[in-house]
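Data block below; observations after.
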Amino acid sequence: MDRRQKTVDWTTDAWLKQLYEEQDLRRKRERQQVHCTPADRQLQLRTTLKQALGAFPDRDHPLDPVVLARVDYGDFILERIAYTTMEAVHVPVIVLVPKVGNGLWPAVLACHGHGNGYLDAVGLEPDGTELADPGIHNRFAVQLVRKGMLVVVPEIMGFGVRRMAEELKSAPNYSSCGTLSSQLLMYGRTLAGMRVYEAIRAMDYIFGRDDVDAKRVGTFGFSGGSLVAAYASALDERVKATVLCGWTNTFQGSILAMHHCIDNYLPGILLDAEQPELTGIIAPRALFVESGEQDPIFPVKQVRQAVTFLEYTYRMWGAKDNFDYHIHSGSHEISGEKSIPWLYGQLTHFPDV
């Protein structure tokens with residue numbers, strides 16, 4: 001009798017890899033068997049995305065925006081606003097208003113990524129002084145307002161002062177993503193869904209301002225904020241142009257390949273679609289993808305795969321000129337070199353889609 005112990009792989013890696021491949025093959029077969037127009041497929045994907053995000057609260061709760069403060073920063077005005085998105089949920093918001101002209105301005109919903117909250121987008125300390133190091137957000141909201149766009153930056157649920165009470169005692173960049181995500185699942189909701197819902201409510205606020213040109217409204221997201229911007233743009237057709245930085249990829253190459261925050265994961269989504277398909281719901285409206293060549297958590301190989309798919313999607317819509325991208329030499333960070341001028345051009349020089 002051979003007593004040598006057989007080497008056994010006790011891990012579940014191979015099983016998960018097989019699960020992805022099976023679902024990927026099934027999706028491809030179904031697409032080949034069912035011939036539908038781009039509009040039909042988009043409708044299916046929008047329904048799929050809504051289901052995966054979970055139930056949204058009603059949007060009939062009054063925002064009741066209040067101006068808390070206005071500070072002159074030389075070439076723009078910073079307003080601190082507060083509004084409510086649903087009962088018992090209050091949101092602090094920074095609004096950057098250009099000092100050139102008197103409106104009607106094009107407007108941008110700015111969605112920050114993981115970190116200290118909405119202050120990262122403007123590069124400010126809590127006391128309003130400028131950060132010595134702009135960090136990976138690169139003061140993108142300030143870059144946008146200096147271009148001549150009104151910029152609305154809500155603090156995203158789970159960051160900054162919008163963390164759970166116990167977690168507010170931790171370091172500023174410690175989020176409540178895990179706590180919120182796990183508890184919301186118990187109610188058939190997701191944290192991604194609540195953030196997308198609040199982004200749509202932020203759009204309601206933007207469209208309620210009398211200094212905004214309602215025909216010229218876009219979004220700009222970074223990292224996890226790009227998830228919010230992408231899915232909000234997919235569901236809210238009021239958005240005319242969208243910039244996604246440091247996020248566009250494939251699920252297989254990013255959130256399934258390495259550790260990512262739990263707020264990136266949507267129940268059952270891979271039964272119906274990969275990430276580039278969901279991003280493609282934005283078509284034929286204008287879309288710009290920015291990513292870093294050295295980004296370790298959204299690898300460039302899969303960024304290029306997603307870009308190829310999105311180029312195909314926009315061609316199918318007859319709107320290839322409405323999609324563009326920039327892969328810069330940096331890491332997981334905002335460049336803005338091409339994306340910010342592109343967004344300004346889309347919201348000021350080009351006709352509506």
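All residue names refer to the structure tokens as shown: chains lettered A, B, ... in order, residues numbered from 1 in each chain, ligands numbered from 1 in order.
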Please give the complete set of residues from segment 73-142 of chain A that DSSP, run on the backbone, assigns to helix (DSSP H, G or I), formatted as a JSON list (two decimals) with C-alpha atoms, in the first residue's frame.
[["chain", "number", "residue", "atom", "x", "y", "z"],
["A", 118, "TYR", "CA", -15.58, 65.58, 0.12],
["A", 119, "LEU", "CA", -12.69, 67.74, 1.33],
["A", 120, "ASP", "CA", -10.37, 65.56, -0.78],
["A", 121, "ALA", "CA", -12.09, 66.74, -3.96],
["A", 122, "VAL", "CA", -11.33, 70.38, -3.17],
["A", 135, "GLY", "CA", -3.03, 63.86, -3.09],
["A", 136, "ILE", "CA", -4.51, 61.47, -5.60],
["A", 137, "HIS", "CA", -7.66, 63.60, -6.03],
["A", 140, "PHE", "CA", -10.15, 68.08, -9.31],
["A", 141, "ALA", "CA", -13.23, 70.01, -8.16],
["A", 142, "VAL", "CA", -11.17, 73.22, -8.07]]
Handout entry: Polymer residues at most 7 Å from segment 191-206 of chain A, only C-alpha atoms, same-chain spacing of 5 or more positions, as a ChimeraX atom specification
Key = /A:53-54,56,85,156-157,180-181,184,228,231-232,236,263-264
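Counting from atom CA of Lys50 of chain A, the distance to atom CA of Leu235 of chain A is 8.1 Å.
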Exercise for the section: Write down as a PyMOL selection string the residues belonging to segment 124-313 of chain A that are assigned strand (DSSP E or B) by DSSP computed on the backbone. Expected result: chain A and resi 124+130+150-154+189+212-222+241-245+286-292
Practice task
May I have the residues within 8 Å of segment 337-347 of chain A as a VMD selection string, using only C-alpha atoms and disregarding those fewer than 2 positions away in the same chain?
Solution key: chain A and resid 106 143 to 144 147 to 149 216 to 218 240 to 243 286 288 to 290 325 to 326 335 349 to 350
Exercise for the section: Would you mind listing what lies within 7 Å of His328 of chain A as a list in words, with only C-alpha atoms counted and same-chain residues fewer than 6 positions away left out? Expected result: Ser291, Gly292 and Glu293 of chain A
Store the residues picked out above in a file with N, CA and C atoms, as a PDB file, in the first residue's frame.
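Once everything was written out, this is result_38.pdb:
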ATOM      1  N   SER A 291      -7.409  56.677 -16.912  1.00  0.00           N
ATOM      2  CA  SER A 291      -6.806  55.694 -16.020  1.00  0.00           C
ATOM      3  C   SER A 291      -5.291  55.800 -16.076  1.00  0.00           C
ATOM      4  N   GLY A 292      -4.635  55.348 -15.002  1.00  0.00           N
ATOM      5  CA  GLY A 292      -3.187  55.414 -14.922  1.00  0.00           C
ATOM      6  C   GLY A 292      -2.523  54.138 -15.404  1.00  0.00           C
ATOM      7  N   GLU A 293      -1.457  54.309 -16.148  1.00  0.00           N
ATOM      8  CA  GLU A 293      -0.689  53.166 -16.657  1.00  0.00           C
ATOM      9  C   GLU A 293      -0.198  52.283 -15.516  1.00  0.00           C
TER      10      GLU A 293
END
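Closest approach to Ile255 of chain A among A:Gly268, A:Pro299, A:Ala229, A:Ser176: A:Pro299, based on only C-alpha atoms.
You can rank A:Leu150, A:Asp64, A:Asp24, A:Ala214 by their closest distance to Phe251 of chain A using only C-alpha atoms, and at the top of that list sits A:Asp24.
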Practice task
Using only C-alpha atoms, determine which residues lie at most 9 Å from Arg285 of chain A, disregarding the query and same-chain residues fewer than 4 positions distant; provide the list as a ChimeraX atom specification.
Solution key: /A:237,239-242,319,322-323,352-353
Keeping only N, CA and C atoms, write those residues as a PDB file, in the first residue's frame.
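The resulting file, result06.pdb, is reproduced below:
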ATOM      1  N   GLU A 237     -30.836  60.051 -17.221  1.00  0.00           N
ATOM      2  CA  GLU A 237     -30.503  60.554 -18.555  1.00  0.00           C
ATOM      3  C   GLU A 237     -30.427  62.082 -18.607  1.00  0.00           C
ATOM      4  N   VAL A 239     -28.036  63.517 -17.268  1.00  0.00           N
ATOM      5  CA  VAL A 239     -26.587  63.692 -17.347  1.00  0.00           C
ATOM      6  C   VAL A 239     -26.155  63.676 -18.812  1.00  0.00           C
ATOM      7  N   LYS A 240     -25.515  64.742 -19.254  1.00  0.00           N
ATOM      8  CA  LYS A 240     -25.123  64.868 -20.660  1.00  0.00           C
ATOM      9  C   LYS A 240     -23.732  64.338 -20.946  1.00  0.00           C
ATOM     10  N   ALA A 241     -22.821  64.383 -19.963  1.00  0.00           N
ATOM     11  CA  ALA A 241     -21.447  63.956 -20.183  1.00  0.00           C
ATOM     12  C   ALA A 241     -20.868  63.433 -18.873  1.00  0.00           C
ATOM     13  N   THR A 242     -20.066  62.368 -18.972  1.00  0.00           N
ATOM     14  CA  THR A 242     -19.548  61.697 -17.785  1.00  0.00           C
ATOM     15  C   THR A 242     -18.059  61.431 -17.936  1.00  0.00           C
ATOM     16  N   ALA A 319     -22.321  56.665 -32.510  1.00  0.00           N
ATOM     17  CA  ALA A 319     -21.904  57.824 -31.708  1.00  0.00           C
ATOM     18  C   ALA A 319     -20.442  57.703 -31.292  1.00  0.00           C
ATOM     19  N   ASN A 322     -18.571  60.403 -29.427  1.00  0.00           N
ATOM     20  CA  ASN A 322     -18.995  60.759 -28.067  1.00  0.00           C
ATOM     21  C   ASN A 322     -18.214  60.009 -26.989  1.00  0.00           C
ATOM     22  N   PHE A 323     -17.269  59.152 -27.424  1.00  0.00           N
ATOM     23  CA  PHE A 323     -16.447  58.416 -26.463  1.00  0.00           C
ATOM     24  C   PHE A 323     -14.975  58.735 -26.681  1.00  0.00           C
ATOM     25  N   ASP A 352     -26.489  68.950 -27.681  1.00  0.00           N
ATOM     26  CA  ASP A 352     -27.004  67.869 -26.846  1.00  0.00           C
ATOM     27  C   ASP A 352     -27.136  66.594 -27.668  1.00  0.00           C
ATOM     28  N   VAL A 353     -26.938  65.441 -27.002  1.00  0.00           N
ATOM     29  CA  VAL A 353     -27.141  64.139 -27.641  1.00  0.00           C
ATOM     30  C   VAL A 353     -28.625  63.862 -27.726  1.00  0.00           C
TER      31      VAL A 353
END
Problem - Nearby residues (only C-alpha atoms) at most 12 Å from Phe159 of chain A, same-chain spacing under 6 positions excluded, as a ChimeraX atom specification - result: /A:91-92,111-120,165,167-168,170-180,191,195,224-225
Keeping N, CA and C atoms, export the residues of the selection given above as a PDB file, in the first residue's frame.
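See selection-v4.pdb below for the written result:
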ATOM      1  N   VAL A  91     -27.057  65.536   4.442  1.00  0.00           N
ATOM      2  CA  VAL A  91     -25.851  65.500   3.608  1.00  0.00           C
ATOM      3  C   VAL A  91     -25.164  66.860   3.601  1.00  0.00           C
ATOM      4  N   PRO A  92     -23.871  66.915   3.979  1.00  0.00           N
ATOM      5  CA  PRO A  92     -23.111  68.143   3.793  1.00  0.00           C
ATOM      6  C   PRO A  92     -22.592  68.202   2.359  1.00  0.00           C
ATOM      7  N   CYS A 111     -17.845  63.349  -7.723  1.00  0.00           N
ATOM      8  CA  CYS A 111     -17.945  62.199  -6.814  1.00  0.00           C
ATOM      9  C   CYS A 111     -16.538  61.780  -6.381  1.00  0.00           C
ATOM     10  N   HIS A 112     -16.193  62.070  -5.143  1.00  0.00           N
ATOM     11  CA  HIS A 112     -14.865  61.752  -4.628  1.00  0.00           C
ATOM     12  C   HIS A 112     -14.704  60.251  -4.395  1.00  0.00           C
ATOM     13  N   GLY A 113     -13.459  59.821  -4.243  1.00  0.00           N
ATOM     14  CA  GLY A 113     -13.167  58.422  -3.953  1.00  0.00           C
ATOM     15  C   GLY A 113     -12.954  58.181  -2.471  1.00  0.00           C
ATOM     16  N   HIS A 114     -12.377  57.017  -2.145  1.00  0.00           N
ATOM     17  CA  HIS A 114     -12.098  56.681  -0.750  1.00  0.00           C
ATOM     18  C   HIS A 114     -11.056  57.632  -0.174  1.00  0.00           C
ATOM     19  N   GLY A 115     -11.226  57.948   1.100  1.00  0.00           N
ATOM     20  CA  GLY A 115     -10.304  58.856   1.768  1.00  0.00           C
ATOM     21  C   GLY A 115     -10.995  59.646   2.848  1.00  0.00           C
ATOM     22  N   ASN A 116     -10.747  60.951   2.882  1.00  0.00           N
ATOM     23  CA  ASN A 116     -11.266  61.804   3.944  1.00  0.00           C
ATOM     24  C   ASN A 116     -12.629  62.404   3.651  1.00  0.00           C
ATOM     25  N   GLY A 117     -13.210  62.061   2.500  1.00  0.00           N
ATOM     26  CA  GLY A 117     -14.521  62.597   2.172  1.00  0.00           C
ATOM     27  C   GLY A 117     -14.451  63.709   1.154  1.00  0.00           C
ATOM     28  N   TYR A 118     -15.466  64.574   1.176  1.00  0.00           N
ATOM     29  CA  TYR A 118     -15.578  65.578   0.118  1.00  0.00           C
ATOM     30  C   TYR A 118     -14.477  66.622   0.133  1.00  0.00           C
ATOM     31  N   LEU A 119     -13.802  66.783   1.271  1.00  0.00           N
ATOM     32  CA  LEU A 119     -12.694  67.736   1.331  1.00  0.00           C
ATOM     33  C   LEU A 119     -11.554  67.328   0.407  1.00  0.00           C
ATOM     34  N   ASP A 120     -11.412  66.021   0.133  1.00  0.00           N
ATOM     35  CA  ASP A 120     -10.371  65.564  -0.778  1.00  0.00           C
ATOM     36  C   ASP A 120     -10.560  66.147  -2.177  1.00  0.00           C
ATOM     37  N   ALA A 165     -21.450  56.440  13.873  1.00  0.00           N
ATOM     38  CA  ALA A 165     -21.026  57.218  15.037  1.00  0.00           C
ATOM     39  C   ALA A 165     -19.773  56.633  15.692  1.00  0.00           C
ATOM     40  N   GLU A 167     -17.471  54.781  14.347  1.00  0.00           N
ATOM     41  CA  GLU A 167     -16.314  54.859  13.454  1.00  0.00           C
ATOM     42  C   GLU A 167     -15.824  56.295  13.261  1.00  0.00           C
ATOM     43  N   LEU A 168     -16.632  57.272  13.650  1.00  0.00           N
ATOM     44  CA  LEU A 168     -16.179  58.666  13.615  1.00  0.00           C
ATOM     45  C   LEU A 168     -15.017  58.894  14.574  1.00  0.00           C
ATOM     46  N   SER A 170     -12.495  56.994  14.779  1.00  0.00           N
ATOM     47  CA  SER A 170     -11.278  56.494  14.153  1.00  0.00           C
ATOM     48  C   SER A 170     -10.620  57.578  13.319  1.00  0.00           C
ATOM     49  N   ALA A 171      -9.514  57.227  12.679  1.00  0.00           N
ATOM     50  CA  ALA A 171      -8.817  58.168  11.803  1.00  0.00           C
ATOM     51  C   ALA A 171      -9.759  58.640  10.696  1.00  0.00           C
ATOM     52  N   PRO A 172      -9.565  59.865  10.194  1.00  0.00           N
ATOM     53  CA  PRO A 172     -10.497  60.436   9.212  1.00  0.00           C
ATOM     54  C   PRO A 172     -10.715  59.576   7.977  1.00  0.00           C
ATOM     55  N   ASN A 173      -9.654  58.914   7.484  1.00  0.00           N
ATOM     56  CA  ASN A 173      -9.805  58.156   6.249  1.00  0.00           C
ATOM     57  C   ASN A 173     -10.284  56.726   6.471  1.00  0.00           C
ATOM     58  N   TYR A 174     -10.728  56.414   7.696  1.00  0.00           N
ATOM     59  CA  TYR A 174     -11.317  55.115   7.969  1.00  0.00           C
ATOM     60  C   TYR A 174     -12.809  55.214   7.665  1.00  0.00           C
ATOM     61  N   SER A 175     -13.273  54.423   6.707  1.00  0.00           N
ATOM     62  CA  SER A 175     -14.648  54.557   6.237  1.00  0.00           C
ATOM     63  C   SER A 175     -15.608  53.649   7.001  1.00  0.00           C
ATOM     64  N   SER A 176     -16.892  53.849   6.746  1.00  0.00           N
ATOM     65  CA  SER A 176     -17.937  52.968   7.282  1.00  0.00           C
ATOM     66  C   SER A 176     -18.497  52.058   6.191  1.00  0.00           C
ATOM     67  N   CYS A 177     -17.710  51.842   5.133  1.00  0.00           N
ATOM     68  CA  CYS A 177     -18.194  51.039   4.013  1.00  0.00           C
ATOM     69  C   CYS A 177     -18.609  49.630   4.441  1.00  0.00           C
ATOM     70  N   GLY A 178     -17.774  48.972   5.246  1.00  0.00           N
ATOM     71  CA  GLY A 178     -18.074  47.610   5.655  1.00  0.00           C
ATOM     72  C   GLY A 178     -19.332  47.519   6.499  1.00  0.00           C
ATOM     73  N   THR A 179     -19.452  48.391   7.484  1.00  0.00           N
ATOM     74  CA  THR A 179     -20.622  48.386   8.368  1.00  0.00           C
ATOM     75  C   THR A 179     -21.905  48.665   7.593  1.00  0.00           C
ATOM     76  N   LEU A 180     -21.878  49.702   6.782  1.00  0.00           N
ATOM     77  CA  LEU A 180     -23.073  50.062   6.014  1.00  0.00           C
ATOM     78  C   LEU A 180     -23.436  48.976   5.003  1.00  0.00           C
ATOM     79  N   LEU A 191     -24.867  49.387  -0.444  1.00  0.00           N
ATOM     80  CA  LEU A 191     -24.305  50.713  -0.224  1.00  0.00           C
ATOM     81  C   LEU A 191     -24.094  51.423  -1.557  1.00  0.00           C
ATOM     82  N   ARG A 195     -25.661  55.099  -2.555  1.00  0.00           N
ATOM     83  CA  ARG A 195     -24.820  56.180  -3.063  1.00  0.00           C
ATOM     84  C   ARG A 195     -25.295  56.659  -4.432  1.00  0.00           C
ATOM     85  N   GLY A 224     -13.888  54.865  -6.360  1.00  0.00           N
ATOM     86  CA  GLY A 224     -15.241  54.484  -5.962  1.00  0.00           C
ATOM     87  C   GLY A 224     -16.275  55.520  -6.342  1.00  0.00           C
ATOM     88  N   GLY A 225     -15.851  56.780  -6.443  1.00  0.00           N
ATOM     89  CA  GLY A 225     -16.754  57.822  -6.917  1.00  0.00           C
ATOM     90  C   GLY A 225     -17.106  57.651  -8.381  1.00  0.00           C
TER      91      GLY A 225
END
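For the set A:Leu266, A:Val89, A:Val307, A:Val95, the residue with the smallest atom-to-atom gap to Pro62 of chain A is A:Val89, counting only C-alpha atoms.
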Exercise for the section: Please measure the separation of atom CA of Leu271 of chain A and atom CA of Gln42 of chain A, giving the value in Å to one decimal. Expected result: 15.7 Å
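Each of A:Asp211, A:Met86, A:Ala55, A:Asp72 was compared to Trp105 of chain A using only C-alpha atoms, and A:Asp211 turns out to be the nearest.
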